[in-house]
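Report on one structure; see the data block that follows.
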Protein chains: 2
Amino acid sequence: MSSERLIYLPLGGAGEIGMNCYVYGYGPQDKERLIVVDLGVTFPDMDTTPGVDLILPDIEWLVARKDRIEAIFITHAHEDHIGALGHLWGRLAAPVYARAFTAHIGRLKLEEHGIDPGTIQTTSPWPVVTQVGPFKVGFLPVSHSVPESSSLVIDCPAGRIVHTGDFKLDETPVVGEPFDRAVWAEVAKPGIRALVCDSTNVFSAHPGRSESSVGGEIERLIKSASGVFAATTFASNIARVKTLAMAGQRAGRSVVLLGRAMRRMVTAGIETGILADFPSVVSPEDAASIPRENLMLLTTGSQGERRAATAQLSRGKYLGLQLKEGDTFLFSSKTIPGNERSVGRIVNNFSEMGVDVVDDSTDRYHVSGHANRPDLLAMHDLTDPQMVIPMHGEHRHLRAHAKLAGEGNRASVIAPNGTMLDLSGNAPKIAEFVEAGRSYVDGAVQIGALDGVVRDRIRLALNGHVLATVIIDEDGEMLGNPWCETMGLADRGRSNTPLVDVLEHDLGQAMGRAKARTLADDDALEDLSRKTIRKSAMDEIGKKPEVTVVVSRLS
Amino acid sequence: MSSERLIYLPLGGAGEIGMNCYVYGYGPQDKERLIVVDLGVTFPDMDTTPGVDLILPDIEWLVARKDRIEAIFITHAHEDHIGALGHLWGRLAAPVYARAFTAHIGRLKLEEHGIDPGTIQTTSPWPVVTQVGPFKVGFLPVSHSVPESSSLVIDCPAGRIVHTGDFKLDETPVVGEPFDRAVWAEVAKPGIRALVCDSTNVFSAHPGRSESSVGGEIERLIKSASGVFAATTFASNIARVKTLAMAGQRAGRSVVLLGRAMRRMVTAGIETGILADFPSVVSPEDAASIPRENLMLLTTGSQGERRAATAQLSRGKYLGLQLKEGDTFLFSSKTIPGNERSVGRIVNNFSEMGVDVVDDSTDRYHVSGHANRPDLLAMHDLTDPQMVIPMHGEHRHLRAHAKLAGEGNRASVIAPNGTMLDLSGNAPKIAEFVEAGRSYVDGAVQIGALDGVVRDRIRLALNGHVLATVIIDEDGEMLGNPWCETMGLADRGRSNTPLVDVLEHDLGQAMGRAKARTLADDDALEDLSRKTIRKSAMDEIGKKPEVTVVVSRLS
């Protein structure tokens with residue numbers, strides 16, 4: 001038995017949808033040479049991460065083994081696969097490999113962080129491979145909702161791994177390479193040890209539809225519309241952006257791109273040759289002179305993002321353009337769970353303007369970029385791996401996918417973030433559990449998810465805040481009365497006296513009764529003040545606020 | 001032409017799903033005698049209403065016309081129709097009418113607020129009517145997901161109004177009265193001036209299914225399960241609770257009720273005779289001695305509520321009971337938009353335990369309590385009203401419902417909260433716009449939605465908080481150094497010095513440079529401090545926190 005082993009360790013993306021980050025290693029135990037696949041982000045929400053800008057995987061484990069990292073591979077240009085590159089690269093400082101379009105987006109991110117964009121090396125697709133340490137890695141084209149998405153074929157002395165990345169089986173994908181069964185069969189021929197496989201759509205029972213199936217439907221919809229026709233989708237879904245623009249063009253409309261991401265992605269697509277035949281667009285200013293029924297707007301913000309073009313249009317004018325009674329707005333997108341309320345708000349705003357909104361409920365104007373359940377089975381069969389490791393999914397997705405693999409008599413295991421697997425044997429074996437958390441981009445700094453900073457913000461939001469100041473004079477006695485200020489609390493409660501007056505009165509009384517020993521001890525004084533204020537507020541308004549006590553001692 | 005008029009005014013429920021509160025009036029303009037239909041609540045969320053306990057309609061308009069209110073009618077016992085009764089009754093003090101089951105629930109609410117439960121008068125169903133001022137009001141049974149739901153037949157000299165309340169067309173509803181077309185046809189015979197109609201499911205294209213269609217499916221599912229079978233639904237959906245319990249019983253399982261609301265609703269159902277044939281239940285303690293495969297748990301918390309039985313079970317033990325590998329959990333409910341994340345968290349927790357979760361995605365184990373689009377059309381046809389006023393829906397629902405009515409050549413109008421309609425003519429006419437907002441139950445007090453209290457909490461959550469204290473001595477000079485405390489902010493930023501040190505340093509410098517005039521003026525001093533701290537924090541951590549400045553002057 002060899003003393004070398006092949007390991008797999010998800011640091012993000014397994015146990016959640018988003019924030020993808022996976023590690024593979026080969027070598028003697030604890031001396032494995034490592035490669036990193038993807039460095040993605042996930043997005044904050046008010047419930048759990050108020051005020052946070054972006055959520056990154058915790059890469060402490062990698063940083064501690066920095067000298068063992070051979071390279072970073074990015075499968076495609078979605079934020080949940082590439083979004084953390086600029087934020088985290090500095091701590092890993094390993095070479096980055098990606099295909100041209102992905103590299104283009106990645107370089108913009110590095111530049112924003114003052115990192116040499118030359119750090120990313122553009123790689124040609126399979127059968128070209130890159131040798132890094134004990135690994136040979138090839139980018140095998142797959143269809144997904146962003147150009148040049150790739151699975152990785154990872155060869156090492158222990159065998160071949162296929163890491164699917166995000167994928168669907170689309171033989172007519174509008175933009176980018178069609179899924180090519182022949183090439184995949186070729187890759188599978190020598191035998192695949194492990195298929196590490198996207199689980200996002202494991203609960204979708206029907207085979208996925210091709211991107212090419214939506215263009216005609218959208219064209220019919222545009223032709224039946226009378227006023228302005230506007231549509232939103234993810235800007236990075238370049239195939240859809242093209243599908244929409246082409247349908248608009250065929251329906252005799254001039255296309256206007258609204259929103260920075262939309263313009264940036266189309267520009268990137270044109271510059272990298274992927275969107276060579278994209279219809280010419282008109283600027284928002286020129287749109288003013290075009291009859292409304294000849295206009296098509298393509299907007300950012302399909303998930304209801306407050307500052308994006310869609311939300312702004314729903315609140316009124318955006319760059320001089322405004323929707324009104326009789327116009328149509330299409331969501332050519334799926335609402336990601338958790339965004340229903342923000343999207344609903346926009347739909348209701350449009351409704352108040354008299355705009356007809358068409359959403360994805362009919363399933364006609366949108367198709368998913370991920371493989372559905374039958375497509376996953378087809379992928380298992382096509383690659384015929386010794387084991388299937390479900391990734392990119394919440395726990396329930398991983399579980400359903402592992403079950404699916406089991407039904408096909410393939411070895412499988414549920415490995416959420418932090419679960420290190422040894423893939424060297426006949427079946428995946430849990431080798432170790434590693435701490436795998438999250439860190440937050442918060443303004444200009446990164447903070448740990450467990451630092452307590454965000455927990456304090458949530459408490460402030462739920463409970464409100466009272467500040468109390470007490471001044472102790474040279475003789476150790478209270479000088480004047482305590483002073484309170486409140487934030488996020490009702491002005492007055494049961495007694496109908498201003499709340500601050502009640503708090504100051506009760507705190508003053510408590511101080512008056514306090515022993516000299518208590519007044520002399522900052523901790524005791526703060527503790528007494530906090531308890532007094534919380535009790536007083538509870539009696540008065542039925543809430544226990546967060547309390548900050550400042551004791552000033554004159555000396 | 002008569003100088004009397006018939007008015008309709010939604011104060012809640014029109015422009016939202018939830019918080020139902022409608023007013024009808026008849027009489028000379030501004031002297032109309034009024035009746036109120038429903039006093040419901042809606043629920044807070046972290047995005048817009050952190051820390052709030054409950055959201056009530058703003059009833060200022062009614063309070064100002066209190067002497068003109070004849071009565072309050074409650075259509076059914078759902079929180080979004082009856083939940084505000086205890087909170088708001090005191091300000092209206094009018095007699096309340098409801099059918100027995102609704103009255104039972106309403107009295108519990110009044111008692112919680114120290115109000116005489118005798119205030120609610122139990123009313124028999126149509127053809128019995130209650131005369132209040134110029135109105136005769138009858139409770140016409142409809143099917144919905146709580147017992148004794150009723151539409152109101154409201155007669156006045158201007159004609160007959162039918163206010164549907166929440167309803168579906170179910171001729172085999174398991175609990176309560178089947179929808180009786182003959183009686184409805186009878187009611188419609190004299191001619192209906194206006195149908196004021198539920199819009200919740202206007203986007204559901206297929207005819208609704210009967211409650212009786214789910215029992216068999218659930219029974220099959222239970223029989224196929226090996227370990228404990230647990231299921232959740234809204235406790236108030238007594239028909240479903242019964243459907244589940246009966247299916248469990250048929251499958252040879254003992255039923256355990258978990259959660260206060262579940263026990264309370266079943267008790268209310270048994271006491272009012274509605275659940276006379278409910279299977280006998282076993283206590284959680286006795287369940288311990290029953291084999292797992294013979295147990296069925298019915299739990300509260302289908303929407304992922306953190307403290308409900310379902311969430312607690314998903315985190316571990318609840319009253320000594322614990323789910324494990326091989327058990328099954330059924331969501332016999334629809335996830336309300338906005339609750340997807342909380343429900344998802346529970347599903348993933350169960351997945352980690354190895355519990356099989358069955359949700360509503362198959363549409364087999366749940367049916368809605370509201371009329372779908374074809375059912376709404378059937379209701380329009382059955383009642384054949386002169387006009388249709390869509391209610392209970394977001395703006396998009398009201399709009400789609402008004403359009404549907406228009407397609408049937410019936411007069412209609414979109415009337416969101418605060419839109420007073422004059423229904424005296426041939427078509428609804430907008431008479432006036434009235435201020436109609438929300439108020440919040442926050443701990444023990446009610447606060448206005450626009451008071452700024454909740455806005456401050458959201459700011460605290462997004463931006464964090466800095467408190468600064470400055471002491472000015474008898475001579476008008478700063479005593480010692482300023483003192484800062486932070487909450488919800490990173491400990492340190494770009495300079496890697498503790499953030500409070502940086503803030504105190506910068507504030508000290510600014511104070512040192514300040515003119516005597518500034519130091520003498522509290523407002524100027526606070527303003528300078530706030531600006532200095534926000535700029536300093538922005539430079540250091542990239543965030544502009546909320547700042548409270550306390551100036552203490554020794555004298």
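Residues are referred to by chain and number: the chain letter is A, B, ... according to the order shown in the structure tokens, the number counts from 1 in that chain, and ligands are numbered separately from 1 in the order shown.
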
Could you give me, as a count of residues only, each residue of segment 105-256 of chain A that DSSP assigns to helix (DSSP H, G or I) when run on this structure's backbone? 45

Report as a list of chain:residue names all protein, DNA and RNA residues lying within 8 Å of Asp360 of chain B, evaluated on only C-alpha atoms, omitting residues in the same chain fewer than 2 positions from it. B:Phe331, B:Ser332, B:Ser333, B:Lys334, B:Val358, B:Thr362, B:Asp363, B:Arg364, B:Tyr365, B:His366

Based on the selection just made, write N, CA and C atoms of those residues as a PDB file, in the first residue's frame.
```pdb
ATOM      1  N   PHE B 331     -43.590  18.698   5.387  1.00  0.00           N
ATOM      2  CA  PHE B 331     -44.151  20.041   5.412  1.00  0.00           C
ATOM      3  C   PHE B 331     -45.477  19.998   4.649  1.00  0.00           C
ATOM      4  N   SER B 332     -46.599  19.919   5.378  1.00  0.00           N
ATOM      5  CA  SER B 332     -47.908  19.905   4.729  1.00  0.00           C
ATOM      6  C   SER B 332     -48.394  21.354   4.698  1.00  0.00           C
ATOM      7  N   SER B 333     -47.637  22.171   3.975  1.00  0.00           N
ATOM      8  CA  SER B 333     -47.830  23.622   4.038  1.00  0.00           C
ATOM      9  C   SER B 333     -47.069  24.253   2.888  1.00  0.00           C
ATOM     10  N   LYS B 334     -47.422  25.500   2.611  1.00  0.00           N
ATOM     11  CA  LYS B 334     -46.695  26.269   1.608  1.00  0.00           C
ATOM     12  C   LYS B 334     -45.775  27.228   2.348  1.00  0.00           C
ATOM     13  N   VAL B 358     -40.019  15.795   3.292  1.00  0.00           N
ATOM     14  CA  VAL B 358     -40.911  15.869   2.140  1.00  0.00           C
ATOM     15  C   VAL B 358     -41.541  17.254   2.170  1.00  0.00           C
ATOM     16  N   THR B 362     -44.061  18.743  -4.584  1.00  0.00           N
ATOM     17  CA  THR B 362     -44.821  17.822  -5.429  1.00  0.00           C
ATOM     18  C   THR B 362     -46.291  18.212  -5.521  1.00  0.00           C
ATOM     19  N   ASP B 363     -46.749  19.112  -4.598  1.00  0.00           N
ATOM     20  CA  ASP B 363     -48.135  19.559  -4.637  1.00  0.00           C
ATOM     21  C   ASP B 363     -49.110  18.450  -4.230  1.00  0.00           C
ATOM     22  N   ARG B 364     -48.600  17.399  -3.573  1.00  0.00           N
ATOM     23  CA  ARG B 364     -49.470  16.268  -3.251  1.00  0.00           C
ATOM     24  C   ARG B 364     -49.995  16.307  -1.835  1.00  0.00           C
ATOM     25  N   TYR B 365     -49.248  16.972  -0.957  1.00  0.00           N
ATOM     26  CA  TYR B 365     -49.572  16.880   0.462  1.00  0.00           C
ATOM     27  C   TYR B 365     -50.067  18.204   1.030  1.00  0.00           C
ATOM     28  N   HIS B 366     -50.422  19.102   0.120  1.00  0.00           N
ATOM     29  CA  HIS B 366     -50.933  20.397   0.565  1.00  0.00           C
ATOM     30  C   HIS B 366     -51.854  20.976  -0.497  1.00  0.00           C
TER      31      HIS B 366
END
```

Taking 2 positions as the minimum chain separation for residues in the same chain, which residues sit within 12 Å of Ile274 of chain B when counting only C-alpha atoms? Answer as a ChimeraX atom specification. /B:100-102,146-148,174-177,238-239,242,265-272,276-278

Restricting it to N, CA and C atoms, dump the selection as a PDB file, in the first residue's frame.
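Final output, saved to again.pdb:
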```
ATOM      1  N   ALA B 100     -69.116  31.167  16.266  1.00  0.00           N
ATOM      2  CA  ALA B 100     -68.682  30.569  17.532  1.00  0.00           C
ATOM      3  C   ALA B 100     -67.169  30.304  17.628  1.00  0.00           C
ATOM      4  N   PHE B 101     -66.604  29.635  16.615  1.00  0.00           N
ATOM      5  CA  PHE B 101     -65.193  29.288  16.714  1.00  0.00           C
ATOM      6  C   PHE B 101     -64.338  30.554  16.716  1.00  0.00           C
ATOM      7  N   THR B 102     -64.639  31.473  15.824  1.00  0.00           N
ATOM      8  CA  THR B 102     -63.901  32.731  15.743  1.00  0.00           C
ATOM      9  C   THR B 102     -64.040  33.502  17.047  1.00  0.00           C
ATOM     10  N   VAL B 146     -59.632  27.401   7.954  1.00  0.00           N
ATOM     11  CA  VAL B 146     -59.909  27.474   9.388  1.00  0.00           C
ATOM     12  C   VAL B 146     -61.429  27.351   9.525  1.00  0.00           C
ATOM     13  N   PRO B 147     -61.908  26.750  10.616  1.00  0.00           N
ATOM     14  CA  PRO B 147     -63.344  26.475  10.699  1.00  0.00           C
ATOM     15  C   PRO B 147     -64.210  27.737  10.709  1.00  0.00           C
ATOM     16  N   GLU B 148     -65.427  27.608  10.216  1.00  0.00           N
ATOM     17  CA  GLU B 148     -66.454  28.641  10.279  1.00  0.00           C
ATOM     18  C   GLU B 148     -66.059  29.941   9.597  1.00  0.00           C
ATOM     19  N   VAL B 174     -63.492  18.535   4.619  1.00  0.00           N
ATOM     20  CA  VAL B 174     -63.014  17.762   5.776  1.00  0.00           C
ATOM     21  C   VAL B 174     -63.521  18.334   7.097  1.00  0.00           C
ATOM     22  N   VAL B 175     -63.281  19.639   7.337  1.00  0.00           N
ATOM     23  CA  VAL B 175     -63.809  20.269   8.545  1.00  0.00           C
ATOM     24  C   VAL B 175     -64.665  21.444   8.092  1.00  0.00           C
ATOM     25  N   GLY B 176     -65.798  21.637   8.729  1.00  0.00           N
ATOM     26  CA  GLY B 176     -66.608  22.822   8.444  1.00  0.00           C
ATOM     27  C   GLY B 176     -67.546  22.622   7.271  1.00  0.00           C
ATOM     28  N   GLU B 177     -68.215  23.717   6.924  1.00  0.00           N
ATOM     29  CA  GLU B 177     -69.279  23.648   5.927  1.00  0.00           C
ATOM     30  C   GLU B 177     -68.761  23.554   4.509  1.00  0.00           C
ATOM     31  N   ILE B 238     -57.190  23.773  10.870  1.00  0.00           N
ATOM     32  CA  ILE B 238     -57.713  22.640  11.641  1.00  0.00           C
ATOM     33  C   ILE B 238     -58.093  21.467  10.742  1.00  0.00           C
ATOM     34  N   ALA B 239     -58.568  21.790   9.545  1.00  0.00           N
ATOM     35  CA  ALA B 239     -58.923  20.717   8.616  1.00  0.00           C
ATOM     36  C   ALA B 239     -57.677  19.879   8.316  1.00  0.00           C
ATOM     37  N   LYS B 242     -56.571  17.825  11.209  1.00  0.00           N
ATOM     38  CA  LYS B 242     -57.420  16.628  11.300  1.00  0.00           C
ATOM     39  C   LYS B 242     -57.057  15.622  10.198  1.00  0.00           C
ATOM     40  N   MET B 265     -55.346  25.049  19.427  1.00  0.00           N
ATOM     41  CA  MET B 265     -56.312  25.002  18.338  1.00  0.00           C
ATOM     42  C   MET B 265     -57.137  23.725  18.384  1.00  0.00           C
ATOM     43  N   VAL B 266     -56.459  22.603  18.652  1.00  0.00           N
ATOM     44  CA  VAL B 266     -57.200  21.340  18.717  1.00  0.00           C
ATOM     45  C   VAL B 266     -58.188  21.383  19.890  1.00  0.00           C
ATOM     46  N   THR B 267     -57.732  21.929  21.024  1.00  0.00           N
ATOM     47  CA  THR B 267     -58.630  22.067  22.177  1.00  0.00           C
ATOM     48  C   THR B 267     -59.828  22.934  21.816  1.00  0.00           C
ATOM     49  N   ALA B 268     -59.568  24.074  21.171  1.00  0.00           N
ATOM     50  CA  ALA B 268     -60.661  24.962  20.760  1.00  0.00           C
ATOM     51  C   ALA B 268     -61.609  24.229  19.828  1.00  0.00           C
ATOM     52  N   GLY B 269     -61.041  23.440  18.919  1.00  0.00           N
ATOM     53  CA  GLY B 269     -61.860  22.688  17.975  1.00  0.00           C
ATOM     54  C   GLY B 269     -62.736  21.671  18.669  1.00  0.00           C
ATOM     55  N   ILE B 270     -62.164  21.001  19.677  1.00  0.00           N
ATOM     56  CA  ILE B 270     -62.946  19.990  20.400  1.00  0.00           C
ATOM     57  C   ILE B 270     -64.014  20.678  21.243  1.00  0.00           C
ATOM     58  N   GLU B 271     -63.632  21.767  21.934  1.00  0.00           N
ATOM     59  CA  GLU B 271     -64.583  22.483  22.802  1.00  0.00           C
ATOM     60  C   GLU B 271     -65.753  23.053  22.027  1.00  0.00           C
ATOM     61  N   THR B 272     -65.492  23.537  20.797  1.00  0.00           N
ATOM     62  CA  THR B 272     -66.583  24.127  20.014  1.00  0.00           C
ATOM     63  C   THR B 272     -67.293  23.075  19.173  1.00  0.00           C
ATOM     64  N   ALA B 276     -65.121  17.037  16.984  1.00  0.00           N
ATOM     65  CA  ALA B 276     -65.672  16.023  17.878  1.00  0.00           C
ATOM     66  C   ALA B 276     -65.017  14.659  17.653  1.00  0.00           C
ATOM     67  N   ASP B 277     -64.695  14.333  16.393  1.00  0.00           N
ATOM     68  CA  ASP B 277     -64.162  13.002  16.096  1.00  0.00           C
ATOM     69  C   ASP B 277     -62.640  12.993  15.909  1.00  0.00           C
ATOM     70  N   PHE B 278     -61.936  13.948  16.546  1.00  0.00           N
ATOM     71  CA  PHE B 278     -60.476  13.982  16.426  1.00  0.00           C
ATOM     72  C   PHE B 278     -59.881  12.764  17.140  1.00  0.00           C
TER      73      PHE B 278
END
```

Find the residues near Asp327 of chain A: any atom within 10 Å, counting only C-alpha atoms, skip ones fewer than 2 places away on the same chain, and give them as a short mmCIF file (atom, residue, chain, number, x, y, z; two decimals) with N, CA, C and O atoms, in the first residue's frame.
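And here is the file that came out, result.cif:
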```cif
data_model
loop_
_atom_site.label_atom_id
_atom_site.label_comp_id
_atom_site.auth_asym_id
_atom_site.auth_seq_id
_atom_site.Cartn_x
_atom_site.Cartn_y
_atom_site.Cartn_z
N ALA A 225 -45.95 42.81 -27.31
CA ALA A 225 -45.95 43.95 -26.38
C ALA A 225 -46.09 45.25 -27.15
O ALA A 225 -45.60 45.39 -28.27
N SER A 226 -46.77 46.23 -26.51
CA SER A 226 -47.02 47.47 -27.24
C SER A 226 -46.03 48.60 -26.90
O SER A 226 -45.49 49.22 -27.79
N GLY A 227 -45.76 48.85 -25.63
CA GLY A 227 -44.88 49.96 -25.28
C GLY A 227 -43.42 49.54 -25.20
O GLY A 227 -42.97 48.69 -25.97
N VAL A 228 -42.70 50.12 -24.26
CA VAL A 228 -41.31 49.71 -24.03
C VAL A 228 -41.30 48.26 -23.55
O VAL A 228 -42.16 47.86 -22.77
N PHE A 229 -40.34 47.49 -24.02
CA PHE A 229 -40.14 46.14 -23.49
C PHE A 229 -38.83 46.13 -22.72
O PHE A 229 -37.77 46.43 -23.28
N ALA A 230 -38.90 45.80 -21.44
CA ALA A 230 -37.68 45.74 -20.63
C ALA A 230 -37.51 44.34 -20.08
O ALA A 230 -38.51 43.63 -19.88
N ARG A 292 -41.25 54.54 -28.28
CA ARG A 292 -41.25 53.59 -27.17
C ARG A 292 -41.43 52.15 -27.63
O ARG A 292 -40.80 51.23 -27.09
N GLU A 293 -42.28 51.94 -28.64
CA GLU A 293 -42.55 50.56 -29.06
C GLU A 293 -41.38 49.96 -29.84
O GLU A 293 -41.42 48.79 -30.21
N GLN A 322 -37.99 55.99 -18.34
CA GLN A 322 -39.04 55.74 -17.36
C GLN A 322 -40.10 54.80 -17.96
O GLN A 322 -40.51 54.99 -19.10
N LEU A 323 -40.50 53.81 -17.19
CA LEU A 323 -41.57 52.93 -17.68
C LEU A 323 -42.94 53.51 -17.30
O LEU A 323 -43.05 54.26 -16.34
N LYS A 324 -43.94 53.14 -18.07
CA LYS A 324 -45.29 53.62 -17.73
C LYS A 324 -46.35 52.63 -18.20
O LYS A 324 -46.03 51.59 -18.78
N GLU A 325 -47.60 52.96 -17.91
CA GLU A 325 -48.79 52.17 -18.28
C GLU A 325 -48.62 51.55 -19.67
O GLU A 325 -48.31 52.26 -20.64
N PHE A 329 -42.41 44.36 -18.49
CA PHE A 329 -41.13 44.04 -17.86
C PHE A 329 -41.03 42.53 -17.66
O PHE A 329 -41.89 41.91 -17.03
N PHE A 350 -43.85 48.25 -10.15
CA PHE A 350 -44.20 48.27 -11.58
C PHE A 350 -45.72 48.20 -11.74
O PHE A 350 -46.30 48.88 -12.58
N MET A 353 -47.32 51.41 -11.51
CA MET A 353 -47.13 52.23 -12.72
C MET A 353 -48.00 51.75 -13.88
O MET A 353 -48.05 52.40 -14.92
N GLY A 354 -48.61 50.58 -13.73
CA GLY A 354 -49.39 50.03 -14.84
C GLY A 354 -48.55 49.20 -15.79
O GLY A 354 -48.98 48.89 -16.91
N VAL A 355 -47.35 48.82 -15.36
CA VAL A 355 -46.47 48.00 -16.21
C VAL A 355 -46.84 46.52 -16.03
O VAL A 355 -47.03 46.06 -14.91
N ASP A 356 -46.94 45.80 -17.15
CA ASP A 356 -47.21 44.36 -17.07
C ASP A 356 -45.93 43.60 -16.78
O ASP A 356 -44.97 43.69 -17.54
N VAL A 357 -45.92 42.85 -15.71
CA VAL A 357 -44.73 42.11 -15.35
C VAL A 357 -44.91 40.64 -15.71
O VAL A 357 -45.96 40.05 -15.43
#
```

Please produce, as CSV, a per-residue contact table for chain B versus chain A (criterion: any atom at most 7 Å away, only C-alpha atoms considered), showing the nearest atom pair and its distance in Å to one decimal, sorted by chain then residue number.
```
residue,atom,partner,partner_atom,distance
B:Met46,CA,A:Asp47,CA,5.4
B:Asp47,CA,A:Met46,CA,5.4
B:Pro50,CA,A:Leu462,CA,5.3
B:Gly51,CA,A:Leu462,CA,3.7
B:Pro337,CA,A:Glu340,CA,5.8
B:Gly338,CA,A:Arg341,CA,5.6
B:Glu340,CA,A:Pro337,CA,5.8
B:Arg341,CA,A:Gly338,CA,5.6
B:Val347,CA,A:Arg396,CA,6.9
B:Asn348,CA,A:Arg396,CA,5.3
B:Ser351,CA,A:Arg396,CA,5.3
B:Glu352,CA,A:His395,CA,6.7
B:Glu394,CA,A:Asn348,CA,6.9
B:His395,CA,A:Asn348,CA,5.4
B:Arg396,CA,A:Ser351,CA,5.3
B:Arg399,CA,A:Ser351,CA,6.9
B:Gly443,CA,A:Gly542,CA,4.3
B:Ala444,CA,A:Gly542,CA,4.4
B:Val445,CA,A:Ile541,CA,5.7
B:Ile447,CA,A:Ala490,CA,6.6
B:Val453,CA,A:Gly488,CA,4.4
B:Val454,CA,A:Gly488,CA,5.8
B:Asp456,CA,A:Gly488,CA,4.9
B:Arg457,CA,A:Ala461,CA,4.5
B:Ile458,CA,A:Ala461,CA,5.9
B:Leu460,CA,A:Leu460,CA,6.2
B:Ala461,CA,A:Arg457,CA,4.5
B:Leu462,CA,A:Gly51,CA,3.7
B:Asn463,CA,A:Gly51,CA,6.0
B:Gly464,CA,A:Arg457,CA,6.1
B:Met487,CA,A:Asp456,CA,6.4
B:Gly488,CA,A:Val453,CA,4.5
B:Leu489,CA,A:Val453,CA,5.6
B:Ala490,CA,A:Val453,CA,6.3
B:Gly493,CA,A:Val445,CA,6.0
B:Ile541,CA,A:Ala444,CA,5.0
B:Gly542,CA,A:Gly443,CA,4.3
B:Lys543,CA,A:Gly443,CA,5.2
```
